[in-house]
file protein_9.pdb (PDB, C-alpha atoms, pLDDT in the B column)
ATOM      1  CA  PHE A1065      40.403  55.515  19.455  1.00 39.00           C
ATOM      2  CA  ALA A1066      41.921  53.122  16.948  1.00 40.00           C
ATOM      3  CA  PHE A1067      41.604  49.390  16.418  1.00 39.00           C
ATOM      4  CA  THR A1068      44.550  47.500  14.932  1.00 40.00           C
ATOM      5  CA  LEU A1069      44.152  44.013  13.500  1.00 39.00           C
ATOM      6  CA  GLN A1070      47.363  43.688  11.560  1.00 40.00           C
ATOM      7  CA  LYS A1071      50.324  45.819  10.621  1.00 39.00           C
ATOM      8  CA  ASN A1072      49.367  49.023   8.775  1.00 41.00           C
ATOM      9  CA  ALA A1073      45.628  48.318   9.163  1.00 42.00           C
ATOM     10  CA  VAL A1074      44.065  50.912  11.464  1.00 42.00           C
ATOM     11  CA  PHE A1075      40.325  51.529  11.602  1.00 40.00           C
ATOM     12  CA  PRO A1076      38.990  54.825  13.029  1.00 44.00           C
ATOM     13  CA  VAL A1077      35.834  54.871  15.128  1.00 42.00           C
ATOM     14  CA  LYS A1078      33.682  56.158  12.263  1.00 43.00           C
ATOM     15  CA  ASN A1079      34.249  52.832  10.474  1.00 43.00           C
ATOM     16  CA  ILE A1080      33.766  50.698  13.573  1.00 42.00           C
ATOM     17  CA  HIS A1081      30.668  48.874  12.317  1.00 42.00           C
ATOM     18  CA  SER A1082      32.190  47.713   9.044  1.00 42.00           C
ATOM     19  CA  PHE A1083      35.407  46.844  10.912  1.00 41.00           C
ATOM     20  CA  LEU A1084      33.660  44.747  13.551  1.00 42.00           C
ATOM     21  CA  THR A1085      31.620  42.814  10.995  1.00 42.00           C
ATOM     22  CA  HIS A1086      34.461  42.298   8.522  1.00 42.00           C
ATOM     23  CA  LYS A1087      34.852  38.677   7.382  1.00 38.00           C
ATOM     24  CA  THR A1088      38.521  38.602   8.398  1.00 40.00           C
ATOM     25  CA  PHE A1089      37.326  37.927  11.937  1.00 40.00           C
ATOM     26  CA  GLY A1090      36.459  34.413  10.749  1.00 40.00           C
ATOM     27  CA  ALA A1091      40.132  33.584  10.839  1.00 38.00           C
ATOM     28  CA  ARG A1092      42.057  33.121  14.117  1.00 36.00           C
ATOM     29  CA  LYS A1093      43.916  36.391  14.596  1.00 38.00           C
ATOM     30  CA  ARG A1094      45.270  38.529  17.377  1.00 38.00           C
ATOM     31  CA  LEU A1095      43.348  41.709  18.098  1.00 38.00           C
ATOM     32  CA  VAL A1096      45.219  44.618  19.658  1.00 37.00           C
ATOM     33  CA  ILE A1097      43.135  47.365  21.209  1.00 37.00           C
ATOM     34  CA  LEU A1098      44.786  50.689  21.945  1.00 36.00           C
ATOM     35  CA  ARG A1099      43.457  53.623  23.934  1.00 38.00           C
ATOM     36  CA  ALA A1100      45.795  56.609  24.157  1.00 37.00           C
ATOM     37  CA  THR A1101      45.400  59.431  26.612  1.00 40.00           C
ATOM     38  CA  PRO A1102      46.273  63.008  25.558  1.00 41.00           C
ATOM     39  CA  ASP A1103      47.934  65.240  28.147  1.00 43.00           C
ATOM     40  CA  ASP A1104      44.669  67.062  28.721  1.00 45.00           C
ATOM     41  CA  ASP A1105      42.946  67.362  32.093  1.00 49.00           C
ATOM     42  CA  ASP A1106      39.499  67.344  30.522  1.00 49.00           C
ATOM     43  CA  PHE A1107      39.855  64.439  28.125  1.00 45.00           C
ATOM     44  CA  VAL A1108      40.295  60.719  28.739  1.00 45.00           C
ATOM     45  CA  PRO A1109      41.747  59.642  32.125  1.00 43.00           C
ATOM     46  CA  GLY A1110      44.457  57.121  32.767  1.00 43.00           C
ATOM     47  CA  ALA A1111      47.724  56.033  31.200  1.00 39.00           C
ATOM     48  CA  ILE A1112      48.078  54.437  27.774  1.00 41.00           C
ATOM     49  CA  ILE A1113      46.251  51.120  27.820  1.00 40.00           C
ATOM     50  CA  LYS A1114      47.194  48.200  25.620  1.00 44.00           C
ATOM     51  CA  LYS A1115      45.525  44.833  25.744  1.00 46.00           C
ATOM     52  CA  GLU A1116      45.917  41.768  23.616  1.00 48.00           C
ATOM     53  CA  THR A1117      43.053  39.327  23.423  1.00 47.00           C
ATOM     54  CA  ASP A1118      42.427  36.189  21.429  1.00 48.00           C
ATOM     55  CA  ALA A1119      39.865  37.339  18.859  1.00 49.00           C
ATOM     56  CA  PRO A1120      37.725  34.162  18.566  1.00 50.00           C
ATOM     57  CA  THR A1121      37.519  33.793  22.353  1.00 55.00           C
ATOM     58  CA  SER A1122      36.619  37.397  23.216  1.00 75.00           C
ATOM     59  CA  LEU A1123      35.146  38.689  19.961  1.00 79.00           C
ATOM     60  CA  ALA A1124      31.474  38.501  20.925  1.00 81.00           C
ATOM     61  CA  THR A1125      32.052  40.317  24.220  1.00 84.00           C
ATOM     62  CA  PHE A1126      34.244  42.913  22.553  1.00 83.00           C
ATOM     63  CA  ILE A1127      31.715  43.638  19.790  1.00 85.00           C
ATOM     64  CA  GLU A1128      28.843  43.890  22.249  1.00 86.00           C
ATOM     65  CA  GLY A1129      30.750  46.290  24.513  1.00 87.00           C
ATOM     66  CA  ALA A1130      31.984  48.396  21.601  1.00 89.00           C
ATOM     67  CA  MET A1131      28.526  48.765  20.108  1.00 91.00           C
ATOM     68  CA  VAL A1132      26.965  49.651  23.480  1.00 92.00           C
ATOM     69  CA  ARG A1133      29.510  52.424  23.956  1.00 93.00           C
ATOM     70  CA  PHE A1134      29.095  53.589  20.378  1.00 93.00           C
ATOM     71  CA  ASP A1135      25.339  53.872  21.012  1.00 95.00           C
ATOM     72  CA  ILE A1136      26.028  55.856  24.196  1.00 96.00           C
ATOM     73  CA  TYR A1137      28.178  58.286  22.185  1.00 94.00           C
ATOM     74  CA  LYS A1138      25.486  58.706  19.516  1.00 95.00           C
ATOM     75  CA  LYS A1139      22.781  59.274  22.139  1.00 95.00           C
ATOM     76  CA  SER A1140      24.899  61.849  23.984  1.00 96.00           C
ATOM     77  CA  SER A1141      25.636  63.715  20.751  1.00 95.00           C
ATOM     78  CA  ALA A1142      21.961  63.622  19.762  1.00 96.00           C
ATOM     79  CA  GLU A1143      21.076  65.188  23.128  1.00 95.00           C
ATOM     80  CA  GLY A1144      23.303  68.127  22.258  1.00 96.00           C
ATOM     81  CA  TYR A1145      26.345  67.349  24.378  1.00 96.00           C
ATOM     82  CA  GLY A1146      29.785  68.179  23.000  1.00 95.00           C
ATOM     83  CA  PHE A1147      32.586  65.781  22.146  1.00 95.00           C
ATOM     84  CA  LYS A1148      34.291  65.811  25.560  1.00 94.00           C
ATOM     85  CA  GLN A1149      31.061  65.267  27.470  1.00 96.00           C
ATOM     86  CA  SER A1150      30.076  62.476  25.088  1.00 96.00           C
ATOM     87  CA  ILE A1151      33.439  60.782  25.656  1.00 95.00           C
ATOM     88  CA  ALA A1152      32.919  61.112  29.421  1.00 96.00           C
ATOM     89  CA  SER A1153      29.575  59.344  29.010  1.00 96.00           C
ATOM     90  CA  VAL A1154      31.179  56.607  26.912  1.00 95.00           C
ATOM     91  CA  LEU A1155      33.802  55.983  29.597  1.00 95.00           C
ATOM     92  CA  ALA A1156      31.105  55.813  32.257  1.00 96.00           C
ATOM     93  CA  GLY A1157      29.174  53.183  30.355  1.00 95.00           C
ATOM     94  CA  GLU A1158      25.651  52.208  31.395  1.00 95.00           C
ATOM     95  CA  TYR A1159      24.510  53.252  34.877  1.00 96.00           C
ATOM     96  CA  ASP A1160      21.535  54.504  36.894  1.00 97.00           C
ATOM     97  CA  ALA A1161      21.685  58.288  36.426  1.00 97.00           C
ATOM     98  CA  ASP A1162      19.191  59.014  39.233  1.00 97.00           C
ATOM     99  CA  SER A1163      21.253  57.020  41.715  1.00 98.00           C
ATOM    100  CA  VAL A1164      24.487  58.719  40.659  1.00 98.00           C
ATOM    101  CA  ASN A1165      22.910  62.185  40.901  1.00 97.00           C
ATOM    102  CA  THR A1166      21.621  61.409  44.385  1.00 97.00           C
ATOM    103  CA  GLU A1167      25.137  60.396  45.382  1.00 97.00           C
ATOM    104  CA  LEU A1168      26.544  63.581  43.832  1.00 97.00           C
ATOM    105  CA  TYR A1169      24.102  65.779  45.729  1.00 96.00           C
ATOM    106  CA  GLU A1170      24.990  64.122  49.033  1.00 97.00           C
ATOM    107  CA  ILE A1171      28.722  64.529  48.377  1.00 97.00           C
ATOM    108  CA  ILE A1172      28.421  68.180  47.350  1.00 96.00           C
ATOM    109  CA  GLN A1173      26.387  68.983  50.458  1.00 95.00           C
ATOM    110  CA  SER A1174      28.677  67.034  52.791  1.00 95.00           C
ATOM    111  CA  ALA A1175      31.316  69.776  53.294  1.00 95.00           C
ATOM    112  CA  PRO A1176      31.680  73.557  52.853  1.00 95.00           C
ATOM    113  CA  CYS A1177      34.123  73.011  49.986  1.00 96.00           C
ATOM    114  CA  VAL A1178      34.149  69.874  47.852  1.00 97.00           C
ATOM    115  CA  MET A1179      36.617  69.238  45.055  1.00 98.00           C
ATOM    116  CA  PHE A1180      36.430  66.372  42.549  1.00 98.00           C
ATOM    117  CA  THR A1181      39.905  65.444  41.293  1.00 98.00           C
ATOM    118  CA  TRP A1182      42.256  63.016  39.577  1.00 95.00           C
ATOM    119  CA  GLU A1183      45.500  62.362  41.415  1.00 94.00           C
ATOM    120  CA  SER A1184      47.708  62.765  38.323  1.00 94.00           C
ATOM    121  CA  SER A1185      46.058  65.958  37.022  1.00 96.00           C
ATOM    122  CA  PRO A1186      48.409  68.989  37.092  1.00 96.00           C
ATOM    123  CA  ALA A1187      45.462  71.381  37.538  1.00 97.00           C
ATOM    124  CA  CYS A1188      44.150  69.333  40.464  1.00 97.00           C
ATOM    125  CA  LYS A1189      47.553  69.368  42.125  1.00 97.00           C
ATOM    126  CA  LYS A1190      47.703  73.169  41.797  1.00 96.00           C
ATOM    127  CA  ALA A1191      44.216  73.517  43.265  1.00 97.00           C
ATOM    128  CA  VAL A1192      45.115  71.296  46.230  1.00 95.00           C
ATOM    129  CA  GLN A1193      48.292  73.323  46.831  1.00 94.00           C
ATOM    130  CA  GLY A1194      46.347  76.582  46.557  1.00 92.00           C
ATOM    131  CA  PHE A1195      43.770  75.547  49.135  1.00 94.00           C
ATOM    132  CA  ASP A1196      46.501  74.210  51.439  1.00 92.00           C
ATOM    133  CA  SER A1197      48.368  77.537  51.211  1.00 87.00           C
ATOM    134  CA  ALA A1198      45.162  79.382  52.085  1.00 85.00           C
ATOM    135  CA  GLY A1199      44.584  77.096  55.054  1.00 88.00           C
ATOM    136  CA  ALA A1200      41.217  76.005  53.682  1.00 91.00           C
ATOM    137  CA  GLU A1201      39.703  72.665  54.576  1.00 91.00           C
ATOM    138  CA  VAL A1202      38.566  70.950  51.412  1.00 95.00           C
ATOM    139  CA  LYS A1203      36.916  67.574  50.900  1.00 96.00           C
ATOM    140  CA  ASN A1204      38.849  65.933  48.066  1.00 97.00           C
ATOM    141  CA  VAL A1205      36.790  63.369  46.163  1.00 98.00           C
ATOM    142  CA  ARG A1206      38.983  61.252  43.891  1.00 97.00           C
ATOM    143  CA  LEU A1207      37.334  60.279  40.614  1.00 97.00           C
ATOM    144  CA  ASP A1208      40.172  57.875  39.816  1.00 96.00           C
ATOM    145  CA  ASN A1209      39.780  55.657  42.878  1.00 92.00           C
ATOM    146  CA  PRO A1210      38.264  53.611  41.370  1.00 94.00           C
ATOM    147  CA  TRP A1211      37.721  54.755  37.774  1.00 94.00           C
ATOM    148  CA  SER A1212      34.694  52.461  37.444  1.00 94.00           C
ATOM    149  CA  GLU A1213      32.760  54.593  39.939  1.00 96.00           C
ATOM    150  CA  GLY A1214      34.468  57.920  39.321  1.00 97.00           C
ATOM    151  CA  ASN A1215      33.672  57.931  35.612  1.00 97.00           C
ATOM    152  CA  LYS A1216      29.952  57.782  36.401  1.00 97.00           C
ATOM    153  CA  LEU A1217      30.239  60.750  38.759  1.00 98.00           C
ATOM    154  CA  ARG A1218      32.297  62.652  36.200  1.00 97.00           C
ATOM    155  CA  ALA A1219      29.737  62.058  33.434  1.00 97.00           C
ATOM    156  CA  GLU A1220      26.892  63.447  35.558  1.00 98.00           C
ATOM    157  CA  LEU A1221      29.041  66.303  36.873  1.00 97.00           C
ATOM    158  CA  GLY A1222      29.730  67.331  33.285  1.00 97.00           C
ATOM    159  CA  LYS A1223      26.025  67.413  32.510  1.00 97.00           C
ATOM    160  CA  LYS A1224      25.326  69.333  35.721  1.00 96.00           C
ATOM    161  CA  VAL A1225      27.915  72.101  35.352  1.00 96.00           C
ATOM    162  CA  GLY A1226      28.566  72.137  31.599  1.00 95.00           C
ATOM    163  CA  ARG A1227      32.185  71.069  31.850  1.00 94.00           C
ATOM    164  CA  SER A1228      33.685  67.588  32.265  1.00 94.00           C
ATOM    165  CA  SER A1229      37.219  68.618  33.245  1.00 94.00           C
ATOM    166  CA  VAL A1230      38.828  68.446  36.671  1.00 96.00           C
ATOM    167  CA  PRO A1231      39.152  69.813  39.246  1.00 98.00           C
ATOM    168  CA  CYS A1232      35.447  70.406  39.647  1.00 98.00           C
ATOM    169  CA  ILE A1233      34.949  72.584  42.719  1.00 98.00           C
ATOM    170  CA  PHE A1234      31.872  73.401  44.796  1.00 97.00           C
ATOM    171  CA  ILE A1235      31.760  75.949  47.621  1.00 96.00           C
ATOM    172  CA  GLY A1236      28.651  76.026  49.759  1.00 95.00           C
ATOM    173  CA  GLY A1237      26.994  73.651  47.316  1.00 94.00           C
ATOM    174  CA  LYS A1238      27.598  76.021  44.403  1.00 95.00           C
ATOM    175  CA  TYR A1239      29.820  75.214  41.429  1.00 97.00           C
ATOM    176  CA  VAL A1240      32.666  77.756  41.139  1.00 97.00           C
ATOM    177  CA  GLY A1241      34.681  76.268  38.258  1.00 97.00           C
ATOM    178  CA  GLY A1242      38.027  74.555  38.247  1.00 97.00           C
ATOM    179  CA  PHE A1243      41.480  75.839  39.123  1.00 96.00           C
ATOM    180  CA  ASP A1244      42.073  78.515  36.492  1.00 94.00           C
ATOM    181  CA  GLU A1245      39.052  77.966  34.248  1.00 93.00           C
ATOM    182  CA  GLY A1246      35.291  78.003  34.553  1.00 92.00           C
ATOM    183  CA  VAL A1247      32.046  78.343  32.660  1.00 93.00           C
ATOM    184  CA  SER A1248      30.874  81.857  33.547  1.00 94.00           C
ATOM    185  CA  GLU A1249      31.609  85.037  35.501  1.00 92.00           C
ATOM    186  CA  ASP A1250      29.988  83.442  38.529  1.00 91.00           C
ATOM    187  CA  ALA A1251      32.058  80.269  38.149  1.00 95.00           C
ATOM    188  CA  PRO A1252      35.426  81.384  36.742  1.00 96.00           C
ATOM    189  CA  GLY A1253      37.640  79.050  38.773  1.00 96.00           C
ATOM    190  CA  ILE A1254      39.268  79.544  42.156  1.00 96.00           C
ATOM    191  CA  MET A1255      42.286  81.447  40.816  1.00 95.00           C
ATOM    192  CA  ALA A1256      40.087  84.175  39.345  1.00 96.00           C
ATOM    193  CA  LEU A1257      37.976  84.260  42.511  1.00 95.00           C
ATOM    194  CA  ALA A1258      41.121  84.658  44.621  1.00 94.00           C
ATOM    195  CA  PHE A1259      42.362  87.564  42.486  1.00 94.00           C
ATOM    196  CA  GLN A1260      38.938  89.192  42.762  1.00 95.00           C
ATOM    197  CA  GLY A1261      39.048  88.870  46.552  1.00 94.00           C
ATOM    198  CA  LYS A1262      35.959  86.650  46.540  1.00 94.00           C
ATOM    199  CA  LEU A1263      37.366  83.245  47.401  1.00 94.00           C
ATOM    200  CA  LYS A1264      37.981  83.647  51.144  1.00 92.00           C
ATOM    201  CA  PRO A1265      34.588  85.281  51.840  1.00 93.00           C
ATOM    202  CA  MET A1266      32.901  82.464  49.895  1.00 94.00           C
ATOM    203  CA  LEU A1267      34.736  79.835  51.948  1.00 93.00           C
ATOM    204  CA  ASP A1268      33.954  81.616  55.227  1.00 92.00           C
ATOM    205  CA  ASN A1269      30.308  82.008  54.316  1.00 91.00           C
ATOM    206  CA  ALA A1270      29.996  78.364  53.223  1.00 90.00           C
ATOM    207  CA  ASP A1271      31.453  77.224  56.555  1.00 79.00           C
ATOM    208  CA  THR A1272      28.961  79.391  58.439  1.00 67.00           C
ATOM    209  CA  LYS A1273      26.024  78.029  56.440  1.00 66.00           C
ATOM    210  CA  LEU A1274      27.064  74.429  57.046  1.00 59.00           C
ATOM    211  CA  SER A1275      27.403  75.071  60.786  1.00 53.00           C
ATOM    212  CA  LYS A1276      23.845  76.437  60.887  1.00 55.00           C
ATOM    213  CA  ILE A1277      22.540  73.384  59.050  1.00 48.00           C
ATOM    214  CA  GLU A1278      24.292  71.046  61.450  1.00 49.00           C
TER     215      GLU A1278
END
call {"tool": "encode", "arguments": {"input": "protein_9.pdb", "output": "structure tokens"}}
result
Amino acid sequence: FAFTLQKNAVFPVKNIHSFLTHKTFGARKRLVILRATPDDDDFVPGAIIKKETDAPTSLATFIEGAMVRFDIYKKSSAEGYGFKQSIASVLAGEYDADSVNTELYEIIQSAPCVMFTWESSPACKKAVQGFDSAGAEVKNVRLDNPWSEGNKLRAELGKKVGRSSVPCIFIGGKYVGGFDEGVSEDAPGIMALAFQGKLKPMLDNADTKLSKIE
């Protein structure tokens, strides 16, 4: 993240407090806020965002929002979460974690195979194509439609499985990783499971279990 007030004056996040309270805000200036997105499926979603706002008009709201999110980042880091998970929490903002986790549980249990995705993610597209080729029925839950709700789900998913990237795939209610990456031998991603000959049996078994429940 970077905040630009005038040409050649860029303030990194670590100096955000001194930047936001700097006396130059007393003058009427234009504030340009930039958020760039790396080409990384497990970083910050969305395209490059650029907004221009009249500093005196929106300054109080901007400072309040920035400090709230900065506090969220500090709290997440203090709880032992890594940089990517902390950024996911920042993007989610303030929300009722219990309510979001209840929603997550209901979604994960709603189909034999549930996949959380972003439409523009290359890894998500490969996972969708892989399941289609295998003839598997998968419930695709878009985290980018809308971002305001999806970011909350993503933040809690990251805490739940130890990884905030997408796709985030559950079979029979169990986390199995992403497309070609995971967090353990039991959740290595669907590509590794397919090569090991485990993916189809897992899908078949999950379908059977759901039928019994219904």
call {"tool": "resolve_selection", "arguments": {"input": "protein_9.pdb", "expression": "the PyMOL selection byres ((chain A and resi 1172) around 12)", "output": "short mmCIF file (atom, residue, chain, number, x, y, z; two decimals) with C-alpha atoms, in the coordinates of the input"}}
result
data_model
loop_
_atom_site.label_atom_id
_atom_site.label_comp_id
_atom_site.auth_asym_id
_atom_site.auth_seq_id
_atom_site.Cartn_x
_atom_site.Cartn_y
_atom_site.Cartn_z
CA ASN A 1165 22.91 62.18 40.90
CA THR A 1166 21.62 61.41 44.38
CA GLU A 1167 25.14 60.40 45.38
CA LEU A 1168 26.54 63.58 43.83
CA TYR A 1169 24.10 65.78 45.73
CA GLU A 1170 24.99 64.12 49.03
CA ILE A 1171 28.72 64.53 48.38
CA GLN A 1173 26.39 68.98 50.46
CA SER A 1174 28.68 67.03 52.79
CA ALA A 1175 31.32 69.78 53.29
CA PRO A 1176 31.68 73.56 52.85
CA CYS A 1177 34.12 73.01 49.99
CA VAL A 1178 34.15 69.87 47.85
CA MET A 1179 36.62 69.24 45.06
CA PHE A 1180 36.43 66.37 42.55
CA VAL A 1202 38.57 70.95 51.41
CA LYS A 1203 36.92 67.57 50.90
CA ASN A 1204 38.85 65.93 48.07
CA VAL A 1205 36.79 63.37 46.16
CA LEU A 1217 30.24 60.75 38.76
CA LEU A 1221 29.04 66.30 36.87
CA CYS A 1232 35.45 70.41 39.65
CA ILE A 1233 34.95 72.58 42.72
CA PHE A 1234 31.87 73.40 44.80
CA ILE A 1235 31.76 75.95 47.62
CA GLY A 1236 28.65 76.03 49.76
CA GLY A 1237 26.99 73.65 47.32
CA LYS A 1238 27.60 76.02 44.40
CA TYR A 1239 29.82 75.21 41.43
CA ALA A 1270 30.00 78.36 53.22
CA LEU A 1274 27.06 74.43 57.05
#
call {"tool": "closest_residue", "arguments": {"input": "protein_9.pdb", "among": "A:Gly1214, A:Pro1186, A:Gly1157, A:Gly1146", "to": "Arg1133 (chain A)", "atoms": "only C-alpha atoms"}}
result
A:Gly1157
call {"tool": "atom_distance", "arguments": {"input": "protein_9.pdb", "atom1": "CA of Phe1243 (chain A)", "atom2": "CA of Ala1191 (chain A)"}}
result
5.5 Å
call {"tool": "residues_around", "arguments": {"input": "protein_9.pdb", "residues": "Leu1207 (chain A)", "least_positions_apart": "5", "cutoff": "12 Å", "atoms": "only C-alpha atoms", "output": "PyMOL selection string"}}
result
chain A and resi 1109-1110+1156+1168+1179-1185+1188+1212-1219+1221+1228-1232
call {"tool": "resolve_selection", "arguments": {"input": "protein_9.pdb", "expression": "the PyMOL selection byres ((chain A and resi 1251-1263) around 9)", "output": "ChimeraX atom specification"}}
result
/A:1191,1194,1232-1233,1238-1250,1264-1268
call {"tool": "write_last_selection", "arguments": {"input": "protein_9.pdb", "atoms": "C-alpha atoms", "output": "mmCIF file, in the frame of the given file"}}
result
data_model
loop_
_atom_site.group_PDB
_atom_site.id
_atom_site.type_symbol
_atom_site.label_atom_id
_atom_site.label_comp_id
_atom_site.auth_asym_id
_atom_site.auth_seq_id
_atom_site.Cartn_x
_atom_site.Cartn_y
_atom_site.Cartn_z
ATOM 1 C CA ALA A 1191 44.216 73.517 43.265
ATOM 2 C CA GLY A 1194 46.347 76.582 46.557
ATOM 3 C CA CYS A 1232 35.447 70.406 39.647
ATOM 4 C CA ILE A 1233 34.949 72.584 42.719
ATOM 5 C CA LYS A 1238 27.598 76.021 44.403
ATOM 6 C CA TYR A 1239 29.820 75.214 41.429
ATOM 7 C CA VAL A 1240 32.666 77.756 41.139
ATOM 8 C CA GLY A 1241 34.681 76.268 38.258
ATOM 9 C CA GLY A 1242 38.027 74.555 38.247
ATOM 10 C CA PHE A 1243 41.480 75.839 39.123
ATOM 11 C CA ASP A 1244 42.073 78.515 36.492
ATOM 12 C CA GLU A 1245 39.052 77.966 34.248
ATOM 13 C CA GLY A 1246 35.291 78.003 34.553
ATOM 14 C CA VAL A 1247 32.046 78.343 32.660
ATOM 15 C CA SER A 1248 30.874 81.857 33.547
ATOM 16 C CA GLU A 1249 31.609 85.037 35.501
ATOM 17 C CA ASP A 1250 29.988 83.442 38.529
ATOM 18 C CA LYS A 1264 37.981 83.647 51.144
ATOM 19 C CA PRO A 1265 34.588 85.281 51.840
ATOM 20 C CA MET A 1266 32.901 82.464 49.895
ATOM 21 C CA LEU A 1267 34.736 79.835 51.948
ATOM 22 C CA ASP A 1268 33.954 81.616 55.227
#
call {"tool": "atom_distance", "arguments": {"input": "protein_9.pdb", "atom1": "CA of Gln1149 (chain A)", "atom2": "CA of Met1131 (chain A)"}}
result
18.2 Å
call {"tool": "closest_residue", "arguments": {"input": "protein_9.pdb", "among": "A:Thr1125, A:Lys1148, A:Arg1206, A:Lys1224", "to": "Val1164 (chain A)", "atoms": "only C-alpha atoms"}}
result
A:Lys1224
call {"tool": "atom_distance", "arguments": {"input": "protein_9.pdb", "atom1": "CA of Glu1220 (chain A)", "atom2": "CA of Ala1152 (chain A)"}}
result
8.9 Å
call {"tool": "axis_aligned_box", "arguments": {"input": "protein_9.pdb", "around": "region 1236-1243 of chain A", "padding_each_side": "6 Å", "output": "AutoDock Vina command-line options"}}
result
--center_x 34.2 --center_y 75.7 --center_z 44.0 --size_x 26.5 --size_y 16.1 --size_z 23.5
